[in-house]
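S.K.: Have a look at the structure that comes next, please.
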Amino acid sequence: MSIDGITGLDHLVIATRDLDAARDAYARLGFTVTPRGHHTQLKSANHTILFPTGTYLELLGIEEQRPVNAHYSAFLRQREGIAAIALKTPDARAAVGPLTAAGFPVSEPVDFGRPVELPGGSRDATFTITQIDPGSTPAGRVFLCQHHTPDLVWRPDQLEHANSATGLEALVIAAADPDAVAATYAALLGGTVTDRGSARVVVPAGSGDGQVPVLVATPDRLHWAWTADPAFATATLPFFAGFVVRVADPVKAQQALQKSKFPTVVGEGVMRVGSGSACGAMIAFAQDFYLDSLIP
């Protein structure tokens with residue numbers, strides 16, 4: 001059972017040094033990328049890639065270095081990639097007590113927003129986030145995200161993608177000690193941990209939006225899927241290595257990837273793109289995803 005107040009995975013934050021280049025790269029991969037947003041309080045900017053399953057990707061760039069975005073600035077001094085993951089919650093403030101009791105210290109919840117341009121004029125999408133102490137979440141920063149205006153985030157005209165993507169299918173973590181990392185995410189998300197040799201799979205309890213499995217594996221296991229990816233040489237273990245995207249039509253996905261001209265490895269029904277093409281994140285596309293497609 002997950003910690004009270006956490007209902008699954010909300011989105012992945014992919015930090016980039018060049019937000020224009022990140023937008024273009026993900027558009028080339030066949031994703032529909034939303035217009036740029038600006039977080040006025042956080043002094044950051046973003047583009048999002050939204051899925052009908054209620055999850056999304058956030059491409060994040062820093063506009064002005066401030067204490068509030070120090071984590072992302074420090075991350076980008078080392079590399080680009082998945083700098084944080086956001087977990088779903090209906091009440092970011094109410095989750096503080098259960099998180100603290102479970103051994104996950106948190107900072108004071110923060111309210112912020114960003115303008116969204118609509119046909120009828122601009123409105124503010126608003127959120128409350130609660131940051132978990134990064135010392136208690138191996139692989140990267142984790143925070144809770146409460147959406148006050150979900151209708152302004154998941155716009156119906158932005159949910160369809162040329163690559164036919166429909167949602168996040170798995171989060172992939174590279175780790176030297178899969179047991180320890182998997183145990184942490186099992187505590188946060190609930191569910192069970194499955195032993196697969198030098199890999200572990202956290203399968204969240206329940207079903208529905210945000211119930212995304214977490215695959216934790218040693219780099220040698222992940223090399224099979226993303227051979228010689230530069231992230232294995234530059235990132236410090238453990239780290240958020242990448243993610244799997246479910247597609248409705250693998251032919252459309254393969255056509256989009258071929259059109260992108262990015263190097264793509266195809267096999268076992270899975271199409272894999274390396275971190276060098278996707279701002280530091282390894283991506284796999286599949287219609288019917290099986291863990292054996294990523295780890296032998």
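Numbering starts fresh at 1 for the residues of each chain in the structure tokens, the chains themselves are lettered A, B, ... in the order given, and ligands are numbered from 1 as they appear.
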Could you give me the residues within region 17-263 of chain A that DSSP places in helix (DSSP H, G or I), as an MDAnalysis selection string?

M.R.: chainID A and resid 19:28 67:78 96:101 134:136 150:153 156:158 178:189 219:223 231:234 250:260

S.K.: Please produce a file of those selected residues containing C-alpha atoms, as a JSON list (two decimals), in the first residue's frame.

M.R.:
```
[["chain", "number", "residue", "atom", "x", "y", "z"],
["A", 19, "LEU", "CA", 14.79, 24.51, -24.16],
["A", 20, "ASP", "CA", 14.35, 25.33, -27.85],
["A", 21, "ALA", "CA", 16.53, 22.37, -28.84],
["A", 22, "ALA", "CA", 14.65, 20.09, -26.42],
["A", 23, "ARG", "CA", 11.30, 21.17, -27.87],
["A", 24, "ASP", "CA", 12.53, 20.49, -31.39],
["A", 25, "ALA", "CA", 14.02, 17.10, -30.48],
["A", 26, "TYR", "CA", 10.82, 15.81, -28.89],
["A", 27, "ALA", "CA", 8.76, 17.15, -31.78],
["A", 28, "ARG", "CA", 11.06, 15.26, -34.16],
["A", 67, "PRO", "CA", 17.42, 29.40, -4.64],
["A", 68, "VAL", "CA", 14.03, 27.92, -5.52],
["A", 69, "ASN", "CA", 15.44, 26.29, -8.67],
["A", 70, "ALA", "CA", 18.91, 25.52, -7.31],
["A", 71, "HIS", "CA", 18.42, 21.76, -7.69],
["A", 72, "TYR", "CA", 17.84, 22.03, -11.43],
["A", 73, "SER", "CA", 20.68, 24.50, -11.93],
["A", 74, "ALA", "CA", 23.06, 22.14, -10.09],
["A", 75, "PHE", "CA", 21.78, 19.16, -12.08],
["A", 76, "LEU", "CA", 22.35, 20.97, -15.38],
["A", 77, "ARG", "CA", 25.92, 21.79, -14.47],
["A", 78, "GLN", "CA", 26.52, 18.03, -14.57],
["A", 96, "VAL", "CA", 3.10, 15.98, 4.64],
["A", 97, "GLY", "CA", 2.20, 14.05, 7.80],
["A", 98, "PRO", "CA", 2.05, 10.58, 6.22],
["A", 99, "LEU", "CA", 5.30, 11.19, 4.33],
["A", 100, "THR", "CA", 7.13, 12.32, 7.46],
["A", 101, "ALA", "CA", 5.79, 9.38, 9.44],
["A", 134, "PRO", "CA", 16.43, 14.22, -1.83],
["A", 135, "GLY", "CA", 18.56, 12.37, 0.69],
["A", 136, "SER", "CA", 15.72, 9.88, 1.12],
["A", 150, "PRO", "CA", -6.13, 20.04, -14.51],
["A", 151, "ASP", "CA", -8.43, 21.23, -17.31],
["A", 152, "LEU", "CA", -5.82, 23.86, -18.20],
["A", 153, "VAL", "CA", -3.01, 21.30, -18.34],
["A", 156, "PRO", "CA", -7.92, 17.85, -25.63],
["A", 157, "ASP", "CA", -6.18, 19.28, -28.70],
["A", 158, "GLN", "CA", -2.74, 18.41, -27.29],
["A", 178, "PRO", "CA", 18.56, -2.47, -7.29],
["A", 179, "ASP", "CA", 17.26, -3.90, -4.00],
["A", 180, "ALA", "CA", 17.75, -0.70, -2.00],
["A", 181, "VAL", "CA", 16.40, 1.59, -4.72],
["A", 182, "ALA", "CA", 13.38, -0.59, -5.45],
["A", 183, "ALA", "CA", 12.53, -0.77, -1.75],
["A", 184, "THR", "CA", 12.33, 3.03, -1.55],
["A", 185, "TYR", "CA", 9.97, 3.35, -4.51],
["A", 186, "ALA", "CA", 7.88, 0.44, -3.31],
["A", 187, "ALA", "CA", 7.43, 2.30, -0.01],
["A", 188, "LEU", "CA", 6.33, 5.45, -1.84],
["A", 189, "LEU", "CA", 4.13, 3.82, -4.49],
["A", 219, "PRO", "CA", 23.77, -0.72, -16.07],
["A", 220, "ASP", "CA", 24.93, -3.99, -17.60],
["A", 221, "ARG", "CA", 21.31, -5.16, -17.85],
["A", 222, "LEU", "CA", 20.21, -1.87, -19.39],
["A", 223, "HIS", "CA", 23.14, -1.89, -21.84],
["A", 231, "ALA", "CA", 24.57, 8.47, -19.86],
["A", 232, "PHE", "CA", 26.07, 5.30, -18.40],
["A", 233, "ALA", "CA", 29.49, 6.94, -18.54],
["A", 234, "THR", "CA", 28.53, 10.41, -17.29],
["A", 250, "PRO", "CA", 3.89, 0.78, -33.76],
["A", 251, "VAL", "CA", 3.95, 1.50, -37.49],
["A", 252, "LYS", "CA", 3.25, 5.18, -36.84],
["A", 253, "ALA", "CA", 5.85, 5.19, -34.08],
["A", 254, "GLN", "CA", 8.48, 3.65, -36.35],
["A", 255, "GLN", "CA", 7.64, 6.08, -39.16],
["A", 256, "ALA", "CA", 8.03, 9.04, -36.78],
["A", 257, "LEU", "CA", 11.39, 7.74, -35.55],
["A", 258, "GLN", "CA", 12.61, 7.10, -39.09],
["A", 259, "LYS", "CA", 11.60, 10.64, -40.05],
["A", 260, "SER", "CA", 13.46, 12.01, -37.02]]
```

S.K.: For the structure I just gave you, how does DSSP split region 37-207 of chain A - specifically, which residues are strand (DSSP E or B)? Reply as a count of residues only.

M.R.: 73

S.K.: Could you pull the residues within 9 Å of Asp91 (chain A), counting only C-alpha atoms, minus those fewer than 4 positions along the same chain, as a list in words?

M.R.: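 So, after excluding close chain neighbours, the residues are Gly5, Ile6, Ala95, Thr128, Leu144, Cys145, Gln146 and His147 of chain A.
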
S.K.: If you count only C-alpha atoms, which residues fall within 9 Å of Glu160 (chain A), apart from same-chain ones fewer than 2 positions away, as a list in words?

M.R.: Phe31, Thr32, Leu50, Phe51, Pro52, Pro156, Asp157, Gln158, Ala162, Asn163, Ser164, Ala165 and Thr166 of chain A

S.K.: Identify, on the basis of only C-alpha atoms, every residue whose closest approach to Thr48 (chain A) does not exceed 7 Å; exclude the query and any residue fewer than 3 positions from it along the same chain; express the result as a PyMOL selection string.

M.R.: chain A and resi 33-34+56-59

S.K.: Quick one: residues within 9 Å of Phe127 (chain A), only C-alpha atoms, excluding same-chain residues fewer than 4 positions away - as a PyMOL selection string?

M.R.: chain A and resi 110-114+145-149

S.K.: Taking only C-alpha atoms into account, name the residue in A:Met271, A:Pro230, A:Ser2, A:Phe285 that is nearest to Ala205 (chain A).

M.R.: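 Of A:Met271, A:Pro230, A:Ser2, A:Phe285, the one nearest Ala205 (chain A), counting only C-alpha atoms, is A:Ser2.
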
S.K.: Considering only C-alpha atoms, state which residue in the set A:Gly81, A:Gly37, A:Gly54, A:Gly167 is at the smallest distance from Glu117 (chain A).

M.R.: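 Between A:Gly81, A:Gly37, A:Gly54, A:Gly167, the residue approaching Glu117 (chain A) most closely is A:Gly37.
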
S.K.: In terms of the shortest atom-to-atom distance over only C-alpha atoms, which of A:Pro35, A:Pro90, A:Ala102, A:Asp292 is closest to Val116 (chain A)?

M.R.: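 Ranked by minimum distance to Val116 (chain A), first place goes to A:Pro35.
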
S.K.: Could you give me, as JSON, numbers by chain, the residues within 12 Å of Val212 (chain A), counting only C-alpha atoms and dropping anything in the same chain fewer than 6 positions from it?

M.R.: {"A": [7, 8, 9, 10, 11, 12, 53, 54, 55, 56, 85, 87, 88, 167, 168, 169, 170, 171, 172, 185, 186, 189, 190, 191, 201, 202, 203, 204, 205, 206, 243, 244, 245, 246]}
